[in-house]
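Source file: structure.txt; contents: compact mmCIF, C-alpha atoms and all ligand atoms.
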# COMPACT_ATOMS: atom_id res chain seq x y z
CA MET P 831 0.00 0.00 0.00
CA LEU P 832 2.72 2.38 1.01
CA SER P 833 4.86 1.77 -2.08
CA ALA P 834 1.86 1.93 -4.44
CA ARG P 835 0.85 5.28 -3.04
CA ALA P 836 4.39 6.57 -3.23
CA SER P 837 4.72 5.67 -6.90
CA THR P 838 1.39 7.32 -7.69
CA LEU P 839 2.64 10.49 -6.14
CA VAL P 840 5.83 10.41 -8.20
CA LEU P 841 3.99 9.75 -11.46
CA GLY P 842 0.91 11.77 -10.67
CA VAL P 843 1.93 15.07 -12.26
CA PRO P 844 -1.46 16.56 -13.25
CA LEU P 845 -0.35 17.75 -16.72
CA PHE P 846 0.78 14.28 -17.83
CA VAL P 847 -2.35 12.66 -16.41
CA SER P 848 -4.68 14.89 -18.41
CA ILE P 849 -2.75 14.43 -21.67
CA SER P 850 -2.71 10.66 -21.38
CA ALA P 851 -6.43 10.70 -20.52
CA LEU P 852 -7.09 12.55 -23.78
CA ALA P 853 -5.23 9.87 -25.72
CA GLN P 854 -7.42 7.06 -24.33
CA PRO P 855 -10.68 6.10 -26.06
CA SER P 856 -13.51 7.40 -23.87
CA PRO P 857 -14.73 4.70 -21.46
CA LYS P 858 -18.10 3.07 -22.07
CA PRO P 859 -20.81 5.09 -20.30
CA ASP P 860 -22.51 3.46 -17.32
CA PRO P 861 -25.78 1.73 -18.25
CA VAL P 862 -28.91 3.56 -17.14
CA THR P 863 -31.88 1.73 -15.63
CA VAL P 864 -35.18 3.31 -14.73
CA ILE P 865 -37.46 1.73 -12.13
CA ARG P 866 -41.10 2.72 -12.03
CA ALA P 867 -42.31 2.32 -8.43
CA GLY P 868 -46.05 2.19 -7.72
CA THR P 869 -45.31 2.83 -4.04
CA LEU P 870 -41.90 3.78 -2.69
CA ILE P 871 -40.86 3.25 0.92
CA ASP P 872 -37.48 4.95 0.75
CA GLY P 873 -36.14 3.67 4.11
CA ARG P 874 -35.86 7.10 5.66
CA SER P 875 -39.08 9.09 5.09
CA PRO P 876 -41.93 8.60 7.59
CA ALA P 877 -44.49 7.91 4.83
CA PRO P 878 -44.47 6.14 1.45
CA ARG P 879 -44.70 8.05 -1.84
CA LEU P 880 -46.78 7.00 -4.83
CA ASN P 881 -45.78 6.76 -8.51
CA GLN P 882 -42.07 7.42 -8.29
CA VAL P 883 -39.34 7.00 -10.87
CA ILE P 884 -35.87 5.90 -9.78
CA VAL P 885 -33.01 6.51 -12.21
CA VAL P 886 -30.02 4.20 -11.68
CA ARG P 887 -26.72 4.97 -13.41
CA GLY P 888 -24.13 2.22 -13.05
CA ASN P 889 -24.25 1.05 -9.46
CA ARG P 890 -25.69 4.24 -7.94
CA ILE P 891 -29.08 5.89 -7.71
CA GLU P 892 -28.96 9.15 -9.66
CA THR P 893 -32.42 10.63 -9.09
CA VAL P 894 -35.74 9.82 -7.44
CA GLY P 895 -38.82 11.80 -8.40
CA ASP P 896 -42.50 11.91 -9.32
CA ALA P 897 -43.37 9.90 -12.42
CA ALA P 898 -45.25 12.87 -13.88
CA SER P 899 -42.27 15.21 -13.80
CA THR P 900 -39.28 12.86 -14.26
CA LYS P 901 -37.94 12.44 -17.79
CA VAL P 902 -36.79 8.93 -18.62
CA PRO P 903 -33.26 9.20 -20.06
CA GLU P 904 -32.87 8.11 -23.68
CA GLY P 905 -31.86 4.48 -24.11
CA ALA P 906 -32.57 3.56 -20.50
CA ARG P 907 -33.75 0.07 -19.60
CA VAL P 908 -37.13 0.40 -17.88
CA ILE P 909 -38.19 -1.96 -15.09
CA ASP P 910 -41.89 -1.62 -14.42
CA LEU P 911 -42.73 -2.10 -10.75
CA SER P 912 -45.71 0.25 -10.91
CA GLY P 913 -47.93 -2.43 -9.34
CA ALA P 914 -45.52 -3.08 -6.48
CA THR P 915 -44.02 -1.59 -3.34
CA VAL P 916 -40.36 -0.70 -3.81
CA LEU P 917 -37.93 -0.47 -0.88
CA PRO P 918 -34.20 -0.23 -0.24
CA GLY P 919 -32.35 -3.55 -0.09
CA LEU P 920 -32.77 -4.94 3.42
CA ILE P 921 -29.99 -5.20 6.01
CA ASP P 922 -29.73 -8.13 8.42
CA SER P 923 -27.34 -7.11 11.19
CA HIS P 924 -27.04 -10.56 12.77
CA THR P 925 -26.39 -13.56 10.51
CA HIS P 926 -24.21 -16.69 10.52
CA ILE P 927 -23.54 -17.90 6.99
CA PHE P 928 -21.33 -20.69 8.40
CA LEU P 929 -24.21 -22.18 10.42
CA GLN P 930 -27.04 -24.23 8.92
CA GLY P 931 -29.72 -24.45 11.60
CA GLU P 932 -27.88 -27.25 13.39
CA ASP P 933 -30.62 -29.83 13.42
CA PRO P 934 -29.84 -32.16 16.37
CA ALA P 935 -30.85 -35.05 14.12
CA GLU P 936 -27.90 -34.16 11.87
CA GLY P 937 -25.42 -33.99 14.75
CA GLY P 938 -26.18 -30.44 15.83
CA TYR P 939 -23.57 -27.77 16.32
CA ASP P 940 -20.74 -30.13 17.27
CA ALA P 941 -20.83 -31.93 13.91
CA GLN P 942 -20.12 -28.64 12.13
CA LEU P 943 -16.77 -28.33 13.88
CA LEU P 944 -15.84 -31.99 14.28
CA LYS P 945 -16.99 -33.59 11.04
CA HIS P 946 -17.18 -30.95 8.31
CA GLY P 947 -14.02 -29.71 6.64
CA LEU P 948 -13.59 -26.02 5.92
CA ALA P 949 -14.10 -26.39 2.16
CA PHE P 950 -17.44 -28.12 2.76
CA ARG P 951 -18.49 -25.42 5.20
CA ALA P 952 -17.37 -22.65 2.83
CA ALA P 953 -19.34 -24.23 -0.02
CA ARG P 954 -22.46 -24.22 2.13
CA ALA P 955 -21.74 -20.63 3.22
CA THR P 956 -21.83 -19.53 -0.44
CA VAL P 957 -25.34 -20.99 -0.65
CA SER P 958 -26.33 -19.14 2.55
CA ALA P 959 -25.02 -15.87 1.13
CA ARG P 960 -26.98 -16.36 -2.09
CA ARG P 961 -30.12 -17.22 -0.10
CA ALA P 962 -29.81 -13.94 1.83
CA LEU P 963 -29.52 -11.95 -1.39
CA GLU P 964 -32.43 -13.72 -3.06
CA GLN P 965 -34.62 -12.87 -0.06
CA GLY P 966 -33.87 -9.17 -0.53
CA PHE P 967 -31.10 -8.80 2.03
CA THR P 968 -28.48 -6.87 0.09
CA THR P 969 -26.30 -6.27 3.18
CA ILE P 970 -25.52 -8.50 6.15
CA ARG P 971 -23.41 -8.15 9.26
CA ASP P 972 -22.23 -11.73 9.73
CA VAL P 973 -21.36 -12.14 13.39
CA GLU P 974 -19.04 -15.14 13.73
CA THR P 975 -17.86 -18.06 11.65
CA GLU P 976 -18.31 -20.65 14.45
CA GLY P 977 -15.00 -22.42 14.12
CA ALA P 978 -14.51 -21.60 10.42
CA GLY P 979 -11.74 -19.11 11.20
CA TYR P 980 -11.48 -16.27 8.71
CA GLY P 981 -13.78 -17.94 6.19
CA ASP P 982 -16.17 -14.97 6.22
CA VAL P 983 -13.41 -12.71 4.90
CA GLY P 984 -12.92 -15.12 1.98
CA ILE P 985 -16.63 -15.29 1.15
CA LYS P 986 -16.85 -11.49 1.29
CA GLN P 987 -13.86 -11.17 -1.06
CA ALA P 988 -15.39 -13.68 -3.50
CA ILE P 989 -18.66 -11.69 -3.54
CA GLU P 990 -16.87 -8.38 -4.03
CA ALA P 991 -14.78 -9.84 -6.86
CA GLY P 992 -17.96 -11.10 -8.56
CA TYR P 993 -17.20 -14.84 -8.35
CA ILE P 994 -20.34 -15.64 -6.35
CA PRO P 995 -23.60 -13.76 -5.77
CA GLY P 996 -24.19 -12.46 -2.27
CA PRO P 997 -24.94 -9.44 -0.14
CA ARG P 998 -22.52 -6.73 0.94
CA MET P 999 -20.85 -8.20 3.98
CA PHE P 1000 -19.60 -6.79 7.25
CA VAL P 1001 -17.68 -9.59 8.97
CA VAL P 1002 -16.39 -10.24 12.49
CA THR P 1003 -14.27 -13.36 11.81
CA ARG P 1004 -13.79 -15.63 14.86
CA ALA P 1005 -15.53 -13.76 17.74
CA ILE P 1006 -14.13 -13.69 21.28
CA SER P 1007 -15.11 -15.37 24.55
CA THR P 1008 -13.30 -16.74 27.61
CA THR P 1009 -12.26 -20.16 28.87
CA GLY P 1010 -15.52 -21.87 29.82
CA GLY P 1011 -17.37 -19.40 27.66
CA TYR P 1012 -18.06 -21.22 24.39
CA ASN P 1013 -18.80 -24.53 22.69
CA LEU P 1014 -17.66 -27.23 22.12
CA GLU P 1015 -18.34 -28.55 25.60
CA GLY P 1016 -18.99 -31.79 27.43
CA TYR P 1017 -15.97 -33.74 26.17
CA ALA P 1018 -13.45 -35.51 28.39
CA PRO P 1019 -10.98 -32.95 29.79
CA GLU P 1020 -8.13 -34.98 28.26
CA VAL P 1021 -9.49 -34.37 24.77
CA ASP P 1022 -8.69 -31.13 22.98
CA VAL P 1023 -11.72 -30.07 20.98
CA PRO P 1024 -12.01 -27.03 18.70
CA LYS P 1025 -13.97 -24.04 19.97
CA GLY P 1026 -16.46 -21.98 18.02
CA ALA P 1027 -14.89 -18.70 19.17
CA GLN P 1028 -11.39 -17.46 20.03
CA LEU P 1029 -11.00 -17.86 23.80
CA ILE P 1030 -9.01 -15.34 25.83
CA ASP P 1031 -8.17 -14.84 29.50
CA GLY P 1032 -6.92 -11.50 30.73
CA PRO P 1033 -6.81 -8.07 29.09
CA VAL P 1034 -3.52 -8.77 27.29
CA GLU P 1035 -4.92 -11.82 25.48
CA ALA P 1036 -8.17 -9.94 24.87
CA ARG P 1037 -6.42 -7.08 23.15
CA LYS P 1038 -4.21 -9.45 21.18
CA ALA P 1039 -7.22 -11.40 19.88
CA ALA P 1040 -8.88 -8.18 18.75
CA ARG P 1041 -5.66 -7.11 17.03
CA GLU P 1042 -5.34 -10.47 15.23
CA GLN P 1043 -8.94 -10.40 14.05
CA LEU P 1044 -8.79 -6.78 12.92
CA ASP P 1045 -5.48 -7.47 11.17
CA HIS P 1046 -7.07 -10.36 9.25
CA GLY P 1047 -10.03 -8.34 8.01
CA ALA P 1048 -12.67 -8.05 10.75
CA ASP P 1049 -15.02 -5.11 10.07
CA TRP P 1050 -16.52 -5.45 13.56
CA ILE P 1051 -15.44 -7.35 16.66
CA LYS P 1052 -17.98 -9.73 18.22
CA VAL P 1053 -17.72 -10.60 21.91
CA TYR P 1054 -19.70 -13.08 23.98
CA MET P 1055 -20.42 -11.32 27.29
CA THR P 1056 -22.77 -14.08 28.51
CA HIS P 1057 -22.78 -17.78 27.70
CA ARG P 1058 -24.77 -20.49 29.49
CA SER P 1059 -28.24 -19.61 30.76
CA TRP P 1060 -30.57 -21.39 33.18
CA LEU P 1061 -33.40 -20.76 35.62
CA ASP P 1062 -32.63 -20.35 39.33
CA LYS P 1063 -34.83 -21.79 42.10
CA GLU P 1064 -37.19 -18.81 41.87
CA GLY P 1065 -37.56 -19.31 38.12
CA ARG P 1066 -35.47 -16.28 37.18
CA LEU P 1067 -33.28 -16.41 34.07
CA VAL P 1068 -29.60 -16.36 34.95
CA SER P 1069 -26.83 -16.06 32.38
CA GLN P 1070 -23.18 -16.80 33.02
CA PRO P 1071 -20.99 -13.71 32.58
CA THR P 1072 -17.82 -14.33 30.56
CA LEU P 1073 -15.35 -11.46 30.04
CA SER P 1074 -14.35 -9.29 32.98
CA LEU P 1075 -14.76 -5.53 32.75
CA GLU P 1076 -11.03 -5.04 32.15
CA GLU P 1077 -11.08 -7.65 29.36
CA ILE P 1078 -13.98 -6.05 27.46
CA ARG P 1079 -12.49 -2.59 28.01
CA ALA P 1080 -9.23 -3.72 26.38
CA ILE P 1081 -11.12 -5.03 23.33
CA VAL P 1082 -13.31 -1.94 22.96
CA ASP P 1083 -10.33 0.38 23.37
CA GLU P 1084 -8.32 -1.50 20.75
CA THR P 1085 -11.22 -1.80 18.29
CA HIS P 1086 -12.28 1.83 18.57
CA GLY P 1087 -8.67 2.79 17.91
CA TRP P 1088 -8.98 1.07 14.53
CA GLY P 1089 -12.17 3.04 13.86
CA LYS P 1090 -14.24 -0.15 14.19
CA LYS P 1091 -17.09 -1.20 16.50
CA VAL P 1092 -17.84 -3.97 19.00
CA ALA P 1093 -20.97 -6.13 19.05
CA CYS P 1094 -21.70 -7.88 22.34
CA HIS P 1095 -23.83 -10.97 22.74
CA ALA P 1096 -25.51 -10.39 26.12
CA TYR P 1097 -28.72 -11.78 27.62
CA ASN P 1098 -29.04 -10.03 30.99
CA GLY P 1099 -27.47 -9.46 34.41
CA VAL P 1100 -23.79 -8.99 35.15
CA GLY P 1101 -22.52 -9.78 31.63
CA LEU P 1102 -24.95 -7.30 30.06
CA HIS P 1103 -23.86 -4.55 32.47
CA ARG P 1104 -20.17 -5.25 31.89
CA ALA P 1105 -20.78 -4.96 28.14
CA LEU P 1106 -22.37 -1.54 28.61
CA ASP P 1107 -19.81 -0.32 31.16
CA GLY P 1108 -17.12 -1.51 28.77
CA GLY P 1109 -18.49 0.73 26.01
CA CYS P 1110 -19.79 -1.82 23.51
CA ASP P 1111 -21.60 -0.48 20.43
CA SER P 1112 -24.39 -3.03 20.01
CA ILE P 1113 -26.11 -5.46 22.35
CA GLU P 1114 -27.09 -8.68 20.59
CA HIS P 1115 -30.28 -10.41 21.81
CA GLY P 1116 -30.78 -8.45 25.09
CA LEU P 1117 -33.34 -10.96 26.33
CA GLU P 1118 -33.92 -9.16 29.62
CA LEU P 1119 -32.90 -5.50 29.63
CA ASP P 1120 -33.45 -4.02 33.07
CA ASP P 1121 -34.30 -0.33 33.50
CA ALA P 1122 -30.71 0.65 34.31
CA ALA P 1123 -29.44 -1.10 31.17
CA ILE P 1124 -32.05 0.61 29.01
CA ALA P 1125 -31.21 4.03 30.49
CA GLN P 1126 -27.50 3.42 29.87
CA MET P 1127 -28.13 2.30 26.27
CA VAL P 1128 -30.13 5.47 25.57
CA LYS P 1129 -27.40 7.63 27.15
CA GLN P 1130 -24.52 5.90 25.33
CA GLY P 1131 -26.38 5.48 22.03
CA THR P 1132 -25.92 1.70 22.18
CA TRP P 1133 -27.76 -0.26 19.50
CA LEU P 1134 -30.02 -3.20 20.28
CA CYS P 1135 -30.16 -6.06 17.79
CA PRO P 1136 -32.93 -8.16 19.36
CA THR P 1137 -33.11 -11.30 17.12
CA MET P 1138 -36.49 -12.40 18.44
CA SER P 1139 -37.64 -15.20 16.18
CA VAL P 1140 -34.70 -17.61 16.61
CA TYR P 1141 -35.73 -18.16 20.23
CA TYR P 1142 -39.03 -19.66 19.14
CA ASP P 1143 -37.27 -22.62 17.49
CA GLN P 1144 -36.06 -25.97 18.79
CA TRP P 1145 -37.41 -25.80 22.35
CA ALA P 1146 -36.46 -28.69 24.63
CA PRO P 1147 -39.46 -30.64 26.09
CA ALA P 1148 -41.56 -28.49 28.47
CA ASP P 1149 -40.92 -30.59 31.59
CA THR P 1150 -37.09 -30.40 31.38
CA PRO P 1151 -34.85 -27.66 32.88
CA SER P 1152 -33.74 -26.62 29.37
CA GLY P 1153 -37.33 -26.63 28.15
CA LYS P 1154 -38.41 -24.36 31.00
CA ARG P 1155 -35.44 -22.10 30.29
CA ASP P 1156 -36.31 -21.92 26.57
CA ARG P 1157 -39.88 -20.84 27.34
CA GLN P 1158 -38.82 -18.29 29.94
CA ARG P 1159 -36.38 -16.68 27.48
CA VAL P 1160 -39.23 -16.00 25.06
CA ALA P 1161 -41.50 -14.79 27.86
CA LEU P 1162 -38.91 -12.16 28.84
CA HIS P 1163 -37.68 -11.16 25.40
CA GLY P 1164 -40.82 -9.54 23.99
CA PRO P 1165 -41.47 -7.25 26.99
CA SER P 1166 -37.74 -6.38 26.99
CA LEU P 1167 -37.94 -5.18 23.39
CA ARG P 1168 -41.18 -3.33 24.09
CA LYS P 1169 -39.55 -1.39 26.96
CA ALA P 1170 -36.48 -0.59 24.86
CA VAL P 1171 -38.60 0.71 21.96
CA LYS P 1172 -40.64 2.88 24.33
CA ALA P 1173 -37.49 4.33 25.91
CA GLY P 1174 -36.03 5.21 22.50
CA VAL P 1175 -33.20 2.66 22.31
CA ARG P 1176 -31.84 2.49 18.76
CA ILE P 1177 -32.92 -0.80 17.17
CA ALA P 1178 -31.18 -2.68 14.35
CA PHE P 1179 -32.97 -5.58 12.66
CA GLY P 1180 -31.24 -8.94 13.04
CA THR P 1181 -32.37 -12.54 12.66
CA ASP P 1182 -29.60 -14.91 13.82
CA VAL P 1183 -30.29 -16.90 10.64
CA GLY P 1184 -27.95 -19.87 10.51
CA GLY P 1185 -28.98 -20.35 14.14
CA PHE P 1186 -32.17 -21.45 12.37
CA SER P 1187 -32.27 -22.99 8.92
CA TRP P 1188 -31.68 -20.90 5.81
CA THR P 1189 -34.83 -22.51 4.38
CA GLU P 1190 -36.89 -20.35 6.78
CA PRO P 1191 -37.68 -16.78 5.66
CA MET P 1192 -35.34 -14.27 7.31
CA ALA P 1193 -38.06 -11.61 7.11
CA ARG P 1194 -40.25 -13.53 9.58
CA GLU P 1195 -38.44 -11.38 12.20
CA PHE P 1196 -40.45 -8.30 11.13
CA ALA P 1197 -43.70 -9.76 12.51
CA ARG P 1198 -42.09 -10.33 15.93
CA MET P 1199 -40.82 -6.75 16.04
CA VAL P 1200 -44.30 -5.46 15.28
CA GLU P 1201 -45.85 -7.84 17.82
CA PHE P 1202 -43.63 -6.31 20.50
CA GLY P 1203 -44.16 -2.62 19.96
CA MET P 1204 -42.65 -1.43 16.69
CA THR P 1205 -44.74 0.02 13.88
CA PRO P 1206 -44.23 -1.69 10.50
CA MET P 1207 -42.43 1.46 9.27
CA ALA P 1208 -40.11 1.49 12.30
CA ALA P 1209 -39.36 -2.20 11.79
CA ILE P 1210 -38.59 -1.57 8.09
CA GLN P 1211 -36.32 1.35 8.98
CA SER P 1212 -34.50 -0.83 11.53
CA ALA P 1213 -33.58 -3.03 8.54
CA THR P 1214 -32.74 -0.11 6.23
CA SER P 1215 -31.63 3.41 7.22
CA LYS P 1216 -31.17 2.62 10.94
CA ALA P 1217 -29.02 -0.44 10.32
CA ALA P 1218 -27.05 1.60 7.78
CA GLU P 1219 -26.42 4.18 10.49
CA MET P 1220 -25.12 1.50 12.85
CA LEU P 1221 -22.83 0.22 10.10
CA GLY P 1222 -21.49 3.70 9.34
CA MET P 1223 -23.10 3.61 5.87
CA SER P 1224 -25.80 6.29 6.17
CA GLY P 1225 -26.88 7.58 2.78
CA GLU P 1226 -25.01 4.77 0.97
CA ILE P 1227 -27.22 1.79 1.79
CA GLY P 1228 -30.63 1.34 3.40
CA VAL P 1229 -32.17 4.23 1.48
CA VAL P 1230 -33.57 4.88 -1.98
CA ALA P 1231 -32.16 8.35 -2.57
CA PRO P 1232 -29.74 10.07 -4.94
CA GLY P 1233 -26.13 9.03 -4.33
CA ALA P 1234 -26.94 5.74 -2.60
CA TYR P 1235 -25.87 2.37 -3.98
CA ALA P 1236 -28.58 0.92 -6.20
CA ASP P 1237 -29.69 -1.75 -3.71
CA ILE P 1238 -33.42 -1.95 -4.38
CA ILE P 1239 -36.11 -4.58 -3.77
CA ALA P 1240 -39.84 -4.90 -4.34
CA VAL P 1241 -42.80 -6.80 -2.93
CA ALA P 1242 -46.24 -7.26 -4.46
CA GLY P 1243 -48.31 -6.24 -1.43
CA ASP P 1244 -48.25 -3.47 1.15
CA PRO P 1245 -45.78 -4.24 3.97
CA LEU P 1246 -47.13 -1.36 6.04
CA LYS P 1247 -50.44 -3.24 6.24
CA ASN P 1248 -48.80 -6.65 6.61
CA VAL P 1249 -45.06 -6.87 7.29
CA GLY P 1250 -45.30 -10.54 6.30
CA GLU P 1251 -45.22 -9.28 2.69
CA LEU P 1252 -41.47 -8.86 3.17
CA GLU P 1253 -41.16 -12.65 3.27
CA ARG P 1254 -42.09 -12.62 -0.42
CA VAL P 1255 -39.57 -10.33 -2.09
CA GLY P 1256 -39.97 -10.65 -5.85
CA PHE P 1257 -37.34 -8.26 -7.19
CA VAL P 1258 -33.77 -7.78 -6.01
CA MET P 1259 -31.21 -5.34 -7.39
CA LYS P 1260 -27.81 -5.00 -5.73
CA ASP P 1261 -25.19 -2.53 -6.88
CA GLY P 1262 -27.29 -1.79 -9.96
CA LYS P 1263 -27.46 -5.45 -11.03
CA VAL P 1264 -30.69 -7.45 -10.99
CA TYR P 1265 -30.35 -10.77 -9.12
CA ALA P 1266 -33.91 -12.01 -8.65
CA THR P 1267 -37.18 -11.38 -10.40
CA GLY P 1268 -40.47 -13.17 -10.49
CA TRP P 1269 -42.96 -13.06 -7.70
CA LYS P 1270 -43.09 -16.01 -5.34
ZN ZN Z 1301 -25.86 -15.19 16.68
As a first step, turn the structure in this file into structure tokens.
Amino acid sequence: MLSARASTLVLGVPLFVSISALAQPSPKPDPVTVIRAGTLIDGRSPAPRLNQVIVVRGNRIETVGDAASTKVPEGARVIDLSGATVLPGLIDSHTHIFLQGEDPAEGGYDAQLLKHGLAFRAARATVSARRALEQGFTTIRDVETEGAGYGDVGIKQAIEAGYIPGPRMFVVTRAISTTGGYNLEGYAPEVDVPKGAQLIDGPVEARKAAREQLDHGADWIKVYMTHRSWLDKEGRLVSQPTLSLEEIRAIVDETHGWGKKVACHAYNGVGLHRALDGGCDSIEHGLELDDAAIAQMVKQGTWLCPTMSVYYDQWAPADTPSGKRDRQRVALHGPSLRKAVKAGVRIAFGTDVGGFSWTEPMAREFARMVEFGMTPMAAIQSATSKAAEMLGMSGEIGVVAPGAYADIIAVAGDPLKNVGELERVGFVMKDGKVYATGWK
């Protein structure tokens, strides 16, 4: 990087640049596509607009305006979505392309790490990435490879280079927890088994892990601040805290120094409060946010990525300790989100897909968000302009507006009447290229 920049400076005498540019044949102009939108939910405005025309030049949106007053540029390809609702490409801020739902009948989570080689897992991850895109998710924040090392960086590079279709990716690589703070578990102590996350003990190891992951391409750092959870004798949900305050502080300090952010998996209690005191940027799941945590999140501007729907899957039998725990988690989670919404906590849409099968619609999460206190428009914005804000991409993604990347989707029905319509995305454009058409 340093030498390339240096040589550019040496050769970059403006006079010579302009003369050589004149000698080149003029580059092919960017193709222009015009989308006619019957209804446009632009991701940012509080209300939809009717009969809009979106002009896309190359991979960016050039203009958005009323159909009556917008001139269609000569030679433009016209895509007629005048009977549909057009939205920005959706953003899922909590995915796992290296997980596949982990059906216990297929060996569950452990089989992923013990039986499947990395090439096999990477091949399946390419299918996951394509599935996300086909469902209208043009950006994902993929929050841990679960033992697949830096595989997410490779998948992201392959998408960006055009070898495979997939969403824009923000990746965290290996994620961080502590000894006793992550699977695999339950094996004889004499047997060394792989772990799904990078385990650290002490602030020095914590900082070093963050440095390694950032060095190898992490866009965010993901930390597990709680791990096991169970019900105590009074039936209260307890979650095991993992990192100490000094450990999470070392990670946050290091990561912020790189201009990057930290996502913290945290259910409740001590681990949740350490995450907030440590200065984390997003709380993942937040099953039971107490009033103090909510107040601190509002004050610090911490994001909440609730991932509701995954907790409704794969419950253990009702009369077992795990089964009771599974049901209590759901009983707490909805009211927790409702309180956070009411208090004005910033919400980013996330599904934890991979934690459930990629054959399930990712957009089923919208209905849960609406069930627990969000309006359909607020839920849509949590998956568009709000998520873009969290990712530091405001104005570039999550919005249909001039200057943004041309990440555009459409559904046949009205998602403001029924957010379930977002489970049936029929048109997907990413970066100005159409990936999926045909209504399902
Ligand atoms: Zn997750």
Please check which protein, DNA or RNA residues sit within 7 Å of ligand ZN 1301 (chain Z), counting all atoms listed in the file, and write them as a list in words. His924, Thr925, His926, Val973, Asp1182 and Gly1185 of chain P
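Residues in contact with Ile989 (chain P) at up to 12 Å, not including ones fewer than 3 positions away on its chain and judged by all atoms listed in the file, are Ala955, Thr956, Val957, Ala959, Arg960, Leu963, Thr968, Thr969, Asp982, Val983, Gly984, Ile985, Lys986, Gly992, Tyr993, Ile994, Pro995, Gly996, Pro997, Arg998, Met999, Phe1000, Lys1260 and Asp1261 of chain P.
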Interatomic distance between CA of Gly1164 (chain P) and CA of Trp1050 (chain P)?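 Taking CA of Gly1164 (chain P) as the start and CA of Trp1050 (chain P) as the end point, the length is 26.8 Å.
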List the spatial neighbours of Gly1262 (chain P) as an MDAnalysis selection string - criterion: any atom at most 9 Å away, all atoms listed in the file, same-chain residues fewer than 5 positions off excluded. chainID P and resid 863 886:891 1235:1238
Between P:Gly979, P:Gly931, P:Pro1033, P:Gly913, single out the one closest to Ile865 (chain P), counting all atoms listed in the file.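 Selected residue with least distance to Ile865 (chain P): P:Gly913.
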If you measure from CA of Arg951 (chain P) to CA of Cys1094 (chain P), what distance in Å do you get, rounded to one decimal? 24.7 Å
Using only C-alpha atoms, which residue out of P:Thr915, P:Gln1028, P:Gln942, P:Thr893 lies closest to Ala1234 (chain P)?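 Smallest distance to Ala1234 (chain P) is found for P:Thr893.
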Expressed in Å to a single decimal, how great is the separation between CA of Ser1074 (chain P) and CA of Asp1031 (chain P)?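 A separation of 9.0 Å between them.
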Could you pull the residues within 9 Å of region 1097-1100 of chain P, counting all atoms listed in the file, minus those fewer than 3 positions along the same chain, as a ChimeraX atom specification? /P:1055-1057,1059,1067-1071,1103-1105,1113-1120,1123
Would you write out those residues with C-alpha atoms, as a CSV table (one decimal), keeping the file's coordinate frame?
chain,number,residue,atom,x,y,z
P,1055,MET,CA,-20.4,-11.3,27.3
P,1056,THR,CA,-22.8,-14.1,28.5
P,1057,HIS,CA,-22.8,-17.8,27.7
P,1059,SER,CA,-28.2,-19.6,30.8
P,1067,LEU,CA,-33.3,-16.4,34.1
P,1068,VAL,CA,-29.6,-16.4,35.0
P,1069,SER,CA,-26.8,-16.1,32.4
P,1070,GLN,CA,-23.2,-16.8,33.0
P,1071,PRO,CA,-21.0,-13.7,32.6
P,1103,HIS,CA,-23.9,-4.6,32.5
P,1104,ARG,CA,-20.2,-5.2,31.9
P,1105,ALA,CA,-20.8,-5.0,28.1
P,1113,ILE,CA,-26.1,-5.5,22.4
P,1114,GLU,CA,-27.1,-8.7,20.6
P,1115,HIS,CA,-30.3,-10.4,21.8
P,1116,GLY,CA,-30.8,-8.4,25.1
P,1117,LEU,CA,-33.3,-11.0,26.3
P,1118,GLU,CA,-33.9,-9.2,29.6
P,1119,LEU,CA,-32.9,-5.5,29.6
P,1120,ASP,CA,-33.4,-4.0,33.1
P,1123,ALA,CA,-29.4,-1.1,31.2
Of the residues P:Ala1096, P:Ala1027, P:Met1259, P:Ala962, which is the one nearest to Glu1190 (chain P), using only C-alpha atoms?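 Result for the nearest residue to Glu1190 (chain P): P:Ala962.
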Nearest to Pro1245 (chain P) by atom-to-atom distance, counting all atoms listed in the file, from P:Ala914, P:Ala1048, P:Ala1170, P:Val1258: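 The shortest atom-to-atom distance to Pro1245 (chain P) comes from P:Ala914.
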Put the listed atoms of region 1150-1160 of chain P in a box along x, y and z with 4 Å added on every side and give me the centre and edge lengths in Å to one decimal, as JSON.
{"center_x": -36.8, "center_y": -23.2, "center_z": 29.0, "size_x": 14.1, "size_y": 22.4, "size_z": 15.8}
Smallest atom-to-atom distance to Pro918 (chain P): which of P:Leu880, P:Ala1231, P:Val1034, P:Ala952, using all atoms listed in the file?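 Closest candidate: P:Ala1231.
Restricting the calculation to only C-alpha atoms, the smallest distance between Arg1079 (chain P) and any of P:Ile1124, P:Cys1110, P:Leu1221, P:Ala1161 is found for P:Cys1110.
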Who sits within 9 Å of Pro1191 (chain P), only C-alpha atoms, same chain under 5 positions skipped, as a VMD selection string: chain P and resid 965 1183 1253 to 1254
Those residues you just picked out, can you put them in a file as a PDB file, in the frame of the given file with C-alpha atoms?
ATOM      1  CA  GLN P 965     -34.620 -12.870  -0.060  1.00  0.00           C
ATOM      2  CA  VAL P1183     -30.290 -16.900  10.640  1.00  0.00           C
ATOM      3  CA  GLU P1253     -41.160 -12.650   3.270  1.00  0.00           C
ATOM      4  CA  ARG P1254     -42.090 -12.620  -0.420  1.00  0.00           C
TER       5      ARG P1254
END
What are the closest atom pairs, with distances in Å to one decimal, for all residues of region 890-998 of chain P lying within 10 Å of region 1139-1159 of chain P? Consider all atoms listed in the file, order rows by chain and residue number, and present the result as a Markdown table.
| residue | atom | partner | partner_atom | distance |
| --- | --- | --- | --- | --- |
| P:Gly931 | CA | P:Gln1144 | CA | 9.7 |
| P:Glu932 | CA | P:Gln1144 | CA | 9.9 |
| P:Asp933 | CA | P:Gln1144 | CA | 8.6 |
| P:Pro934 | CA | P:Gln1144 | CA | 9.1 |
